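Have a look at query_35.tsv; it's TSV, N, CA, C and O atoms:
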```
chain	number	residue	atom	x	y	z
A	1	MET	N	-5.05	13.29	11.28
A	1	MET	CA	-4.15	13.01	10.19
A	1	MET	C	-4.79	11.96	9.27
A	1	MET	O	-5.23	10.92	9.73
A	2	SER	N	-4.83	12.28	7.99
A	2	SER	CA	-5.43	11.34	7.04
A	2	SER	C	-4.53	10.13	6.84
A	2	SER	O	-3.33	10.15	7.16
A	3	SER	N	-5.08	9.10	6.27
A	3	SER	CA	-4.30	7.88	6.02
A	3	SER	C	-3.13	8.15	5.10
A	3	SER	O	-2.02	7.65	5.33
A	4	LEU	N	-3.34	8.94	4.05
A	4	LEU	CA	-2.24	9.23	3.14
A	4	LEU	C	-1.18	10.09	3.80
A	4	LEU	O	0.00	9.95	3.49
A	5	ASP	N	-1.57	10.96	4.73
A	5	ASP	CA	-0.58	11.72	5.49
A	5	ASP	C	0.27	10.79	6.34
A	5	ASP	O	1.47	11.01	6.51
A	6	ARG	N	-0.36	9.76	6.89
A	6	ARG	CA	0.40	8.77	7.67
A	6	ARG	C	1.42	8.07	6.78
A	6	ARG	O	2.54	7.82	7.20
A	7	LEU	N	1.04	7.78	5.54
A	7	LEU	CA	1.96	7.14	4.61
A	7	LEU	C	3.11	8.08	4.27
A	7	LEU	O	4.27	7.66	4.26
A	8	LYS	N	2.80	9.35	4.03
A	8	LYS	CA	3.85	10.33	3.70
A	8	LYS	C	4.89	10.42	4.80
A	8	LYS	O	6.08	10.53	4.53
A	9	SER	N	4.44	10.38	6.04
A	9	SER	CA	5.36	10.58	7.16
A	9	SER	C	5.94	9.28	7.73
A	9	SER	O	6.76	9.33	8.65
A	10	ALA	N	5.55	8.14	7.17
A	10	ALA	CA	6.04	6.86	7.69
A	10	ALA	C	7.54	6.72	7.45
A	10	ALA	O	8.04	7.03	6.37
A	11	ARG	N	8.23	6.24	8.47
A	11	ARG	CA	9.68	6.02	8.33
A	11	ARG	C	9.98	4.77	7.53
A	11	ARG	O	10.95	4.73	6.78
A	12	ARG	N	9.17	3.74	7.71
A	12	ARG	CA	9.37	2.49	6.97
A	12	ARG	C	8.14	2.20	6.14
A	12	ARG	O	7.04	2.12	6.67
A	13	LYS	N	8.35	2.08	4.83
A	13	LYS	CA	7.22	1.80	3.94
A	13	LYS	C	7.71	1.05	2.71
A	13	LYS	O	8.91	1.00	2.45
A	14	THR	N	6.78	0.45	2.01
A	14	THR	CA	7.08	-0.15	0.72
A	14	THR	C	6.31	0.62	-0.34
A	14	THR	O	5.27	1.22	-0.05
A	15	VAL	N	6.84	0.60	-1.54
A	15	VAL	CA	6.17	1.20	-2.68
A	15	VAL	C	6.22	0.18	-3.80
A	15	VAL	O	7.28	-0.32	-4.14
A	16	GLY	N	5.06	-0.14	-4.34
A	16	GLY	CA	4.99	-1.12	-5.42
A	16	GLY	C	4.38	-2.42	-4.95
A	16	GLY	O	4.45	-2.78	-3.77
A	17	THR	N	3.77	-3.11	-5.87
A	17	THR	CA	2.99	-4.29	-5.53
A	17	THR	C	3.85	-5.46	-5.07
A	17	THR	O	3.50	-6.14	-4.11
A	18	LYS	N	4.99	-5.69	-5.71
A	18	LYS	CA	5.82	-6.84	-5.31
A	18	LYS	C	6.33	-6.67	-3.88
A	18	LYS	O	6.24	-7.59	-3.07
A	19	GLN	N	6.86	-5.49	-3.56
A	19	GLN	CA	7.38	-5.26	-2.22
A	19	GLN	C	6.27	-5.25	-1.18
A	19	GLN	O	6.45	-5.75	-0.07
A	20	THR	N	5.13	-4.70	-1.54
A	20	THR	CA	4.00	-4.66	-0.61
A	20	THR	C	3.48	-6.07	-0.34
A	20	THR	O	3.21	-6.43	0.81
A	21	ALA	N	3.36	-6.88	-1.38
A	21	ALA	CA	2.91	-8.27	-1.19
A	21	ALA	C	3.86	-9.04	-0.30
A	21	ALA	O	3.43	-9.79	0.59
A	22	LYS	N	5.17	-8.86	-0.49
A	22	LYS	CA	6.16	-9.54	0.36
A	22	LYS	C	5.99	-9.13	1.82
A	22	LYS	O	6.04	-9.97	2.71
A	23	ALA	N	5.79	-7.84	2.05
A	23	ALA	CA	5.63	-7.35	3.42
A	23	ALA	C	4.38	-7.92	4.08
A	23	ALA	O	4.39	-8.30	5.25
A	24	VAL	N	3.29	-8.02	3.32
A	24	VAL	CA	2.05	-8.58	3.86
A	24	VAL	C	2.26	-10.05	4.20
A	24	VAL	O	1.89	-10.51	5.28
A	25	HIS	N	2.86	-10.80	3.29
A	25	HIS	CA	3.08	-12.23	3.51
A	25	HIS	C	4.04	-12.48	4.68
A	25	HIS	O	3.90	-13.49	5.38
A	26	LYS	N	4.99	-11.58	4.91
A	26	LYS	CA	5.92	-11.71	6.03
A	26	LYS	C	5.30	-11.27	7.35
A	26	LYS	O	5.86	-11.49	8.42
A	27	GLY	N	4.15	-10.59	7.27
A	27	GLY	CA	3.47	-10.13	8.48
A	27	GLY	C	4.02	-8.84	9.05
A	27	GLY	O	3.80	-8.54	10.23
A	28	ILE	N	4.71	-8.03	8.24
A	28	ILE	CA	5.29	-6.78	8.75
A	28	ILE	C	4.55	-5.54	8.26
A	28	ILE	O	4.92	-4.42	8.61
A	29	ALA	N	3.52	-5.71	7.43
A	29	ALA	CA	2.74	-4.57	6.95
A	29	ALA	C	1.65	-4.24	7.96
A	29	ALA	O	0.90	-5.10	8.37
A	30	ARG	N	1.60	-2.98	8.38
A	30	ARG	CA	0.55	-2.54	9.30
A	30	ARG	C	-0.67	-2.03	8.56
A	30	ARG	O	-1.79	-2.32	8.93
A	31	VAL	N	-0.43	-1.19	7.55
A	31	VAL	CA	-1.51	-0.62	6.74
A	31	VAL	C	-1.10	-0.73	5.28
A	31	VAL	O	0.03	-0.39	4.93
A	32	VAL	N	-2.01	-1.20	4.44
A	32	VAL	CA	-1.73	-1.33	3.01
A	32	VAL	C	-2.65	-0.38	2.25
A	32	VAL	O	-3.84	-0.28	2.55
A	33	PHE	N	-2.08	0.29	1.27
A	33	PHE	CA	-2.81	1.22	0.42
A	33	PHE	C	-2.83	0.67	-0.99
A	33	PHE	O	-1.79	0.22	-1.49
A	34	VAL	N	-3.98	0.69	-1.63
A	34	VAL	CA	-4.08	0.30	-3.04
A	34	VAL	C	-4.83	1.41	-3.78
A	34	VAL	O	-5.73	2.03	-3.24
A	35	ALA	N	-4.42	1.63	-5.02
A	35	ALA	CA	-5.05	2.66	-5.84
A	35	ALA	C	-6.35	2.12	-6.42
A	35	ALA	O	-6.39	1.00	-6.92
A	36	SER	N	-7.39	2.93	-6.36
A	36	SER	CA	-8.70	2.52	-6.87
A	36	SER	C	-8.68	2.26	-8.37
A	36	SER	O	-9.46	1.45	-8.87
A	37	ASP	N	-7.78	2.94	-9.09
A	37	ASP	CA	-7.74	2.77	-10.54
A	37	ASP	C	-6.66	1.78	-11.00
A	37	ASP	O	-6.42	1.63	-12.19
A	38	ALA	N	-6.05	1.07	-10.07
A	38	ALA	CA	-5.04	0.06	-10.44
A	38	ALA	C	-5.72	-1.16	-11.06
A	38	ALA	O	-6.86	-1.49	-10.72
A	39	ASP	N	-5.02	-1.81	-11.95
A	39	ASP	CA	-5.53	-3.03	-12.59
A	39	ASP	C	-5.77	-4.08	-11.50
A	39	ASP	O	-4.87	-4.39	-10.71
A	40	ARG	N	-6.96	-4.63	-11.46
A	40	ARG	CA	-7.33	-5.61	-10.42
A	40	ARG	C	-6.39	-6.81	-10.39
A	40	ARG	O	-6.09	-7.34	-9.34
A	41	ARG	N	-5.95	-7.26	-11.56
A	41	ARG	CA	-5.04	-8.41	-11.61
A	41	ARG	C	-3.71	-8.11	-10.92
A	41	ARG	O	-3.08	-9.00	-10.37
A	42	VAL	N	-3.31	-6.86	-10.96
A	42	VAL	CA	-2.03	-6.46	-10.37
A	42	VAL	C	-2.12	-6.48	-8.85
A	42	VAL	O	-1.20	-6.91	-8.16
A	43	ILE	N	-3.24	-6.02	-8.30
A	43	ILE	CA	-3.34	-5.84	-6.85
A	43	ILE	C	-4.11	-6.95	-6.13
A	43	ILE	O	-4.17	-6.96	-4.90
A	44	GLU	N	-4.69	-7.89	-6.87
A	44	GLU	CA	-5.56	-8.88	-6.23
A	44	GLU	C	-4.84	-9.71	-5.17
A	44	GLU	O	-5.42	-10.02	-4.13
A	45	ASP	N	-3.58	-10.06	-5.38
A	45	ASP	CA	-2.83	-10.84	-4.40
A	45	ASP	C	-2.67	-10.05	-3.10
A	45	ASP	O	-2.84	-10.58	-2.01
A	46	VAL	N	-2.35	-8.78	-3.24
A	46	VAL	CA	-2.17	-7.92	-2.06
A	46	VAL	C	-3.49	-7.78	-1.30
A	46	VAL	O	-3.53	-7.93	-0.08
A	47	VAL	N	-4.57	-7.53	-2.01
A	47	VAL	CA	-5.88	-7.34	-1.37
A	47	VAL	C	-6.31	-8.61	-0.65
A	47	VAL	O	-6.75	-8.57	0.51
A	48	GLU	N	-6.18	-9.76	-1.30
A	48	GLU	CA	-6.57	-11.03	-0.68
A	48	GLU	C	-5.70	-11.34	0.54
A	48	GLU	O	-6.20	-11.82	1.56
A	49	ALA	N	-4.41	-11.07	0.44
A	49	ALA	CA	-3.51	-11.32	1.58
A	49	ALA	C	-3.87	-10.44	2.77
A	49	ALA	O	-3.82	-10.88	3.92
A	50	CYS	N	-4.26	-9.20	2.50
A	50	CYS	CA	-4.67	-8.28	3.58
A	50	CYS	C	-5.94	-8.80	4.27
A	50	CYS	O	-6.02	-8.79	5.50
A	51	ARG	N	-6.88	-9.23	3.48
A	51	ARG	CA	-8.14	-9.73	4.05
A	51	ARG	C	-7.90	-11.00	4.84
A	51	ARG	O	-8.47	-11.19	5.91
A	52	GLY	N	-7.05	-11.87	4.34
A	52	GLY	CA	-6.74	-13.11	5.03
A	52	GLY	C	-5.92	-12.91	6.29
A	52	GLY	O	-6.04	-13.66	7.25
A	53	GLY	N	-5.10	-11.89	6.29
A	53	GLY	CA	-4.22	-11.62	7.43
A	53	GLY	C	-4.70	-10.51	8.33
A	53	GLY	O	-3.99	-10.07	9.23
A	54	SER	N	-5.90	-10.01	8.09
A	54	SER	CA	-6.49	-8.93	8.89
A	54	SER	C	-5.61	-7.68	8.92
A	54	SER	O	-5.44	-7.05	9.96
A	55	VAL	N	-5.04	-7.32	7.78
A	55	VAL	CA	-4.24	-6.10	7.66
A	55	VAL	C	-5.17	-4.99	7.18
A	55	VAL	O	-5.99	-5.20	6.28
A	56	GLU	N	-5.05	-3.81	7.78
A	56	GLU	CA	-5.88	-2.69	7.39
A	56	GLU	C	-5.63	-2.35	5.91
A	56	GLU	O	-4.49	-2.23	5.48
A	57	LEU	N	-6.69	-2.19	5.15
A	57	LEU	CA	-6.61	-1.93	3.72
A	57	LEU	C	-7.29	-0.59	3.44
A	57	LEU	O	-8.45	-0.39	3.80
A	58	VAL	N	-6.56	0.32	2.80
A	58	VAL	CA	-7.08	1.65	2.50
A	58	VAL	C	-6.99	1.87	0.99
A	58	VAL	O	-5.96	1.58	0.38
A	59	TYR	N	-8.07	2.36	0.40
A	59	TYR	CA	-8.08	2.64	-1.04
A	59	TYR	C	-7.77	4.11	-1.28
A	59	TYR	O	-8.42	4.98	-0.69
A	60	ALA	N	-6.77	4.37	-2.12
A	60	ALA	CA	-6.43	5.74	-2.52
A	60	ALA	C	-7.23	6.07	-3.78
A	60	ALA	O	-7.64	5.18	-4.53
A	61	ASP	N	-7.45	7.35	-4.03
A	61	ASP	CA	-8.26	7.78	-5.16
A	61	ASP	C	-7.68	7.34	-6.51
A	61	ASP	O	-8.43	7.00	-7.42
A	62	SER	N	-6.36	7.38	-6.63
A	62	SER	CA	-5.74	7.03	-7.91
A	62	SER	C	-4.29	6.63	-7.70
A	62	SER	O	-3.70	6.86	-6.64
A	63	MET	N	-3.70	6.06	-8.75
A	63	MET	CA	-2.29	5.69	-8.70
A	63	MET	C	-1.43	6.94	-8.58
A	63	MET	O	-0.41	6.92	-7.89
A	64	ASP	N	-1.82	8.03	-9.24
A	64	ASP	CA	-1.05	9.27	-9.14
A	64	ASP	C	-1.04	9.81	-7.71
A	64	ASP	O	0.00	10.22	-7.20
A	65	VAL	N	-2.20	9.81	-7.07
A	65	VAL	CA	-2.29	10.29	-5.68
A	65	VAL	C	-1.44	9.42	-4.77
A	65	VAL	O	-0.71	9.94	-3.92
A	66	LEU	N	-1.50	8.12	-4.94
A	66	LEU	CA	-0.72	7.21	-4.11
A	66	LEU	C	0.78	7.39	-4.36
A	66	LEU	O	1.57	7.41	-3.41
A	67	GLY	N	1.17	7.56	-5.61
A	67	GLY	CA	2.57	7.80	-5.92
A	67	GLY	C	3.09	9.07	-5.27
A	67	GLY	O	4.17	9.09	-4.69
A	68	LYS	N	2.30	10.13	-5.33
A	68	LYS	CA	2.71	11.39	-4.70
A	68	LYS	C	2.84	11.24	-3.18
A	68	LYS	O	3.75	11.77	-2.56
A	69	ALA	N	1.93	10.49	-2.57
A	69	ALA	CA	1.98	10.26	-1.13
A	69	ALA	C	3.24	9.48	-0.75
A	69	ALA	O	3.76	9.62	0.36
A	70	CYS	N	3.75	8.68	-1.70
A	70	CYS	CA	4.96	7.90	-1.46
A	70	CYS	C	6.22	8.70	-1.77
A	70	CYS	O	7.33	8.21	-1.54
A	71	GLY	N	6.05	9.88	-2.33
A	71	GLY	CA	7.19	10.72	-2.65
A	71	GLY	C	7.86	10.37	-3.97
A	71	GLY	O	9.04	10.65	-4.16
A	72	ILE	N	7.10	9.76	-4.89
A	72	ILE	CA	7.66	9.44	-6.20
A	72	ILE	C	6.89	10.20	-7.29
A	72	ILE	O	5.77	10.65	-7.06
A	73	ASP	N	7.52	10.35	-8.45
A	73	ASP	CA	6.94	11.14	-9.53
A	73	ASP	C	6.06	10.34	-10.48
A	73	ASP	O	5.58	10.88	-11.48
A	74	VAL	N	5.88	9.07	-10.21
A	74	VAL	CA	5.03	8.22	-11.04
A	74	VAL	C	3.95	7.60	-10.17
A	74	VAL	O	4.02	7.65	-8.94
A	75	GLY	N	2.95	7.01	-10.79
A	75	GLY	CA	1.87	6.38	-10.04
A	75	GLY	C	2.34	5.12	-9.36
A	75	GLY	O	3.32	4.49	-9.74
A	76	ALA	N	1.62	4.73	-8.32
A	76	ALA	CA	1.90	3.49	-7.59
A	76	ALA	C	0.58	2.73	-7.42
A	76	ALA	O	-0.43	3.33	-7.06
A	77	ALA	N	0.61	1.43	-7.69
A	77	ALA	CA	-0.59	0.61	-7.53
A	77	ALA	C	-0.84	0.28	-6.07
A	77	ALA	O	-1.98	0.19	-5.63
A	78	SER	N	0.24	0.11	-5.31
A	78	SER	CA	0.08	-0.22	-3.88
A	78	SER	C	1.30	0.24	-3.10
A	78	SER	O	2.38	0.45	-3.66
A	79	ALA	N	1.10	0.35	-1.81
A	79	ALA	CA	2.16	0.75	-0.88
A	79	ALA	C	1.74	0.28	0.51
A	79	ALA	O	0.58	-0.07	0.73
A	80	ALA	N	2.68	0.28	1.44
A	80	ALA	CA	2.36	-0.14	2.81
A	80	ALA	C	3.20	0.60	3.82
A	80	ALA	O	4.35	0.97	3.55
A	81	ILE	N	2.62	0.80	4.98
A	81	ILE	CA	3.37	1.27	6.15
A	81	ILE	C	3.80	0.01	6.89
A	81	ILE	O	2.97	-0.86	7.18
A	82	LEU	N	5.09	-0.08	7.20
A	82	LEU	CA	5.63	-1.27	7.85
A	82	LEU	C	5.77	-1.05	9.35
A	82	LEU	O	5.84	0.09	9.83
A	83	GLU	N	5.85	-2.17	10.08
A	83	GLU	CA	6.10	-2.10	11.52
A	83	GLU	C	7.44	-1.43	11.76
A	83	GLU	O	8.38	-1.60	10.99
A	84	GLU	N	7.52	-0.69	12.85
A	84	GLU	CA	8.78	-0.01	13.20
A	84	GLU	C	9.81	-0.97	13.71
A	84	GLU	O	9.62	-1.94	14.27
```

As structure tokens:
Amino acid sequence: MSSLDRLKSARRKTVGTKQTAKAVHKGIARVVFVASDADRRVIEDVVEACRGGSVELVYADSMDVLGKACGIDVGAASAAILEE
């Protein structure tokens, strides 16, 4: 199962940079996804928090691909699978 398939089937997840950053800072994010074409300023806090907290970080091909994996009709800069 690919990483994005895991995101699609996850029961608990966040979509969007603010919610994903909160989850990482709270320590409840297991895997974080960021779009390769997202503005670096938008996702830099999430990326740095993942590296500092040893959270798995996966890059999606684009915001559109990540949005579709989250089940939304618009692009997403970041998302996360949360602890059950």

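The spacing separating atom O of A:Ser62 from atom O of A:Lys26 amounts to 25.6 Å.
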
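With atom O of A:Ala29 on one side and atom C of A:Arg6 on the other, the separation reads 13.3 Å.
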
Between A:Asp61, A:Asp73, A:Asp5, A:Glu83, smallest distance to A:Ala38 by all atoms listed in the file belongs to A:Asp61

Within chain A, find each residue whose DSSP state, derived from the backbone, is strand (DSSP E), and express the selection as number ranges by chain.
A: 13-15, 29-35, 56-60, 78-82

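What separates atom N of A:Glu48 from atom N of A:Met1 is a distance of 26.3 Å.
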
Within 8 Å of A:Cys70, counting only C-alpha atoms, which residues qualify if same-chain residues fewer than 4 places away don't, as a PyMOL selection string?
chain A and resi 7-8+15+66+79

Could you give me, as a ChimeraX atom specification, each residue of stretch 39-83 of chain A that DSSP assigns to alpha helix (DSSP H) when run on this structure's backbone?
/A:40-53,63-69

Skipping near chain neighbours, those fewer than 6 positions away, what residues fall within 6 Å of A:Val32 using all atoms listed in the file, listed as a PDB file with N, CA, C and O atoms, keeping the file's coordinate frame?
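And here is the file that came out, around20.pdb:
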```pdb
ATOM      1  N   VAL A  55      -5.040  -7.320   7.780  1.00  0.00           N
ATOM      2  CA  VAL A  55      -4.240  -6.100   7.660  1.00  0.00           C
ATOM      3  C   VAL A  55      -5.170  -4.990   7.180  1.00  0.00           C
ATOM      4  O   VAL A  55      -5.990  -5.200   6.280  1.00  0.00           O
ATOM      5  N   GLU A  56      -5.050  -3.810   7.780  1.00  0.00           N
ATOM      6  CA  GLU A  56      -5.880  -2.690   7.390  1.00  0.00           C
ATOM      7  C   GLU A  56      -5.630  -2.350   5.910  1.00  0.00           C
ATOM      8  O   GLU A  56      -4.490  -2.230   5.480  1.00  0.00           O
ATOM      9  N   LEU A  57      -6.690  -2.190   5.150  1.00  0.00           N
ATOM     10  CA  LEU A  57      -6.610  -1.930   3.720  1.00  0.00           C
ATOM     11  C   LEU A  57      -7.290  -0.590   3.440  1.00  0.00           C
ATOM     12  O   LEU A  57      -8.450  -0.390   3.800  1.00  0.00           O
ATOM     13  N   VAL A  58      -6.560   0.320   2.800  1.00  0.00           N
ATOM     14  CA  VAL A  58      -7.080   1.650   2.500  1.00  0.00           C
ATOM     15  C   VAL A  58      -6.990   1.870   0.990  1.00  0.00           C
ATOM     16  O   VAL A  58      -5.960   1.580   0.380  1.00  0.00           O
ATOM     17  N   TYR A  59      -8.070   2.360   0.400  1.00  0.00           N
ATOM     18  CA  TYR A  59      -8.080   2.640  -1.040  1.00  0.00           C
ATOM     19  C   TYR A  59      -7.770   4.110  -1.280  1.00  0.00           C
ATOM     20  O   TYR A  59      -8.420   4.980  -0.690  1.00  0.00           O
ATOM     21  N   ALA A  79       1.100   0.350  -1.810  1.00  0.00           N
ATOM     22  CA  ALA A  79       2.160   0.750  -0.880  1.00  0.00           C
ATOM     23  C   ALA A  79       1.740   0.280   0.510  1.00  0.00           C
ATOM     24  O   ALA A  79       0.580  -0.070   0.730  1.00  0.00           O
ATOM     25  N   ALA A  80       2.680   0.280   1.440  1.00  0.00           N
ATOM     26  CA  ALA A  80       2.360  -0.140   2.810  1.00  0.00           C
ATOM     27  C   ALA A  80       3.200   0.600   3.820  1.00  0.00           C
ATOM     28  O   ALA A  80       4.350   0.970   3.550  1.00  0.00           O
ATOM     29  N   ILE A  81       2.620   0.800   4.980  1.00  0.00           N
ATOM     30  CA  ILE A  81       3.370   1.270   6.150  1.00  0.00           C
ATOM     31  C   ILE A  81       3.800   0.010   6.890  1.00  0.00           C
ATOM     32  O   ILE A  81       2.970  -0.860   7.180  1.00  0.00           O
TER      33      ILE A  81
END
```

Please output stretch 7-17 of chain A, rebuilt to include all heavy atoms, as an mmCIF file, in the frame of the given file.
```
data_model
loop_
_atom_site.group_PDB
_atom_site.id
_atom_site.type_symbol
_atom_site.label_atom_id
_atom_site.label_comp_id
_atom_site.auth_asym_id
_atom_site.auth_seq_id
_atom_site.Cartn_x
_atom_site.Cartn_y
_atom_site.Cartn_z
ATOM 1 N N LEU A 7 1.040 7.780 5.540
ATOM 2 C CA LEU A 7 1.960 7.140 4.610
ATOM 3 C C LEU A 7 3.110 8.080 4.270
ATOM 4 O O LEU A 7 4.270 7.660 4.260
ATOM 5 C CB LEU A 7 1.219 6.723 3.329
ATOM 6 C CG LEU A 7 2.060 6.071 2.237
ATOM 7 C CD1 LEU A 7 2.694 4.775 2.732
ATOM 8 C CD2 LEU A 7 1.216 5.811 0.998
ATOM 9 N N LYS A 8 2.800 9.350 4.030
ATOM 10 C CA LYS A 8 3.850 10.330 3.700
ATOM 11 C C LYS A 8 4.890 10.420 4.800
ATOM 12 O O LYS A 8 6.080 10.530 4.530
ATOM 13 C CB LYS A 8 3.229 11.723 3.504
ATOM 14 C CG LYS A 8 2.483 11.895 2.230
ATOM 15 C CD LYS A 8 1.895 13.294 2.173
ATOM 16 C CE LYS A 8 0.967 13.448 0.994
ATOM 17 N NZ LYS A 8 0.345 14.772 0.948
ATOM 18 N N SER A 9 4.440 10.380 6.040
ATOM 19 C CA SER A 9 5.360 10.580 7.160
ATOM 20 C C SER A 9 5.940 9.280 7.730
ATOM 21 O O SER A 9 6.760 9.330 8.650
ATOM 22 C CB SER A 9 4.660 11.357 8.275
ATOM 23 O OG SER A 9 3.582 10.602 8.798
ATOM 24 N N ALA A 10 5.550 8.140 7.170
ATOM 25 C CA ALA A 10 6.040 6.860 7.690
ATOM 26 C C ALA A 10 7.540 6.720 7.450
ATOM 27 O O ALA A 10 8.040 7.030 6.370
ATOM 28 C CB ALA A 10 5.300 5.705 7.025
ATOM 29 N N ARG A 11 8.230 6.240 8.470
ATOM 30 C CA ARG A 11 9.680 6.020 8.330
ATOM 31 C C ARG A 11 9.980 4.770 7.530
ATOM 32 O O ARG A 11 10.950 4.730 6.780
ATOM 33 C CB ARG A 11 10.342 5.927 9.712
ATOM 34 C CG ARG A 11 10.328 7.236 10.454
ATOM 35 C CD ARG A 11 11.066 7.213 11.741
ATOM 36 N NE ARG A 11 11.315 5.871 12.266
ATOM 37 C CZ ARG A 11 12.008 5.618 13.345
ATOM 38 N NH1 ARG A 11 12.525 6.604 14.020
ATOM 39 N NH2 ARG A 11 12.185 4.387 13.765
ATOM 40 N N ARG A 12 9.170 3.740 7.710
ATOM 41 C CA ARG A 12 9.370 2.490 6.970
ATOM 42 C C ARG A 12 8.140 2.200 6.140
ATOM 43 O O ARG A 12 7.040 2.120 6.670
ATOM 44 C CB ARG A 12 9.621 1.325 7.939
ATOM 45 C CG ARG A 12 10.922 1.471 8.706
ATOM 46 C CD ARG A 12 11.279 0.223 9.477
ATOM 47 N NE ARG A 12 11.504 -0.887 8.535
ATOM 48 C CZ ARG A 12 11.125 -2.155 8.770
ATOM 49 N NH1 ARG A 12 10.511 -2.467 9.883
ATOM 50 N NH2 ARG A 12 11.369 -3.099 7.891
ATOM 51 N N LYS A 13 8.350 2.080 4.830
ATOM 52 C CA LYS A 13 7.220 1.800 3.940
ATOM 53 C C LYS A 13 7.710 1.050 2.710
ATOM 54 O O LYS A 13 8.910 1.000 2.450
ATOM 55 C CB LYS A 13 6.512 3.083 3.524
ATOM 56 C CG LYS A 13 7.381 4.081 2.786
ATOM 57 C CD LYS A 13 6.611 5.348 2.558
ATOM 58 C CE LYS A 13 7.574 6.498 2.262
ATOM 59 N NZ LYS A 13 6.945 7.782 2.399
ATOM 60 N N THR A 14 6.780 0.450 2.010
ATOM 61 C CA THR A 14 7.080 -0.150 0.720
ATOM 62 C C THR A 14 6.310 0.620 -0.340
ATOM 63 O O THR A 14 5.270 1.220 -0.050
ATOM 64 C CB THR A 14 6.633 -1.631 0.642
ATOM 65 O OG1 THR A 14 5.216 -1.701 0.811
ATOM 66 C CG2 THR A 14 7.314 -2.481 1.689
ATOM 67 N N VAL A 15 6.840 0.600 -1.540
ATOM 68 C CA VAL A 15 6.170 1.200 -2.680
ATOM 69 C C VAL A 15 6.220 0.180 -3.800
ATOM 70 O O VAL A 15 7.280 -0.320 -4.140
ATOM 71 C CB VAL A 15 6.842 2.512 -3.125
ATOM 72 C CG1 VAL A 15 6.113 3.108 -4.321
ATOM 73 C CG2 VAL A 15 6.902 3.507 -1.979
ATOM 74 N N GLY A 16 5.060 -0.140 -4.340
ATOM 75 C CA GLY A 16 4.990 -1.120 -5.420
ATOM 76 C C GLY A 16 4.380 -2.420 -4.950
ATOM 77 O O GLY A 16 4.450 -2.780 -3.770
ATOM 78 N N THR A 17 3.770 -3.110 -5.870
ATOM 79 C CA THR A 17 2.990 -4.290 -5.530
ATOM 80 C C THR A 17 3.850 -5.460 -5.070
ATOM 81 O O THR A 17 3.500 -6.140 -4.110
ATOM 82 C CB THR A 17 2.109 -4.690 -6.724
ATOM 83 O OG1 THR A 17 1.268 -3.564 -7.035
ATOM 84 C CG2 THR A 17 1.226 -5.862 -6.381
#
```
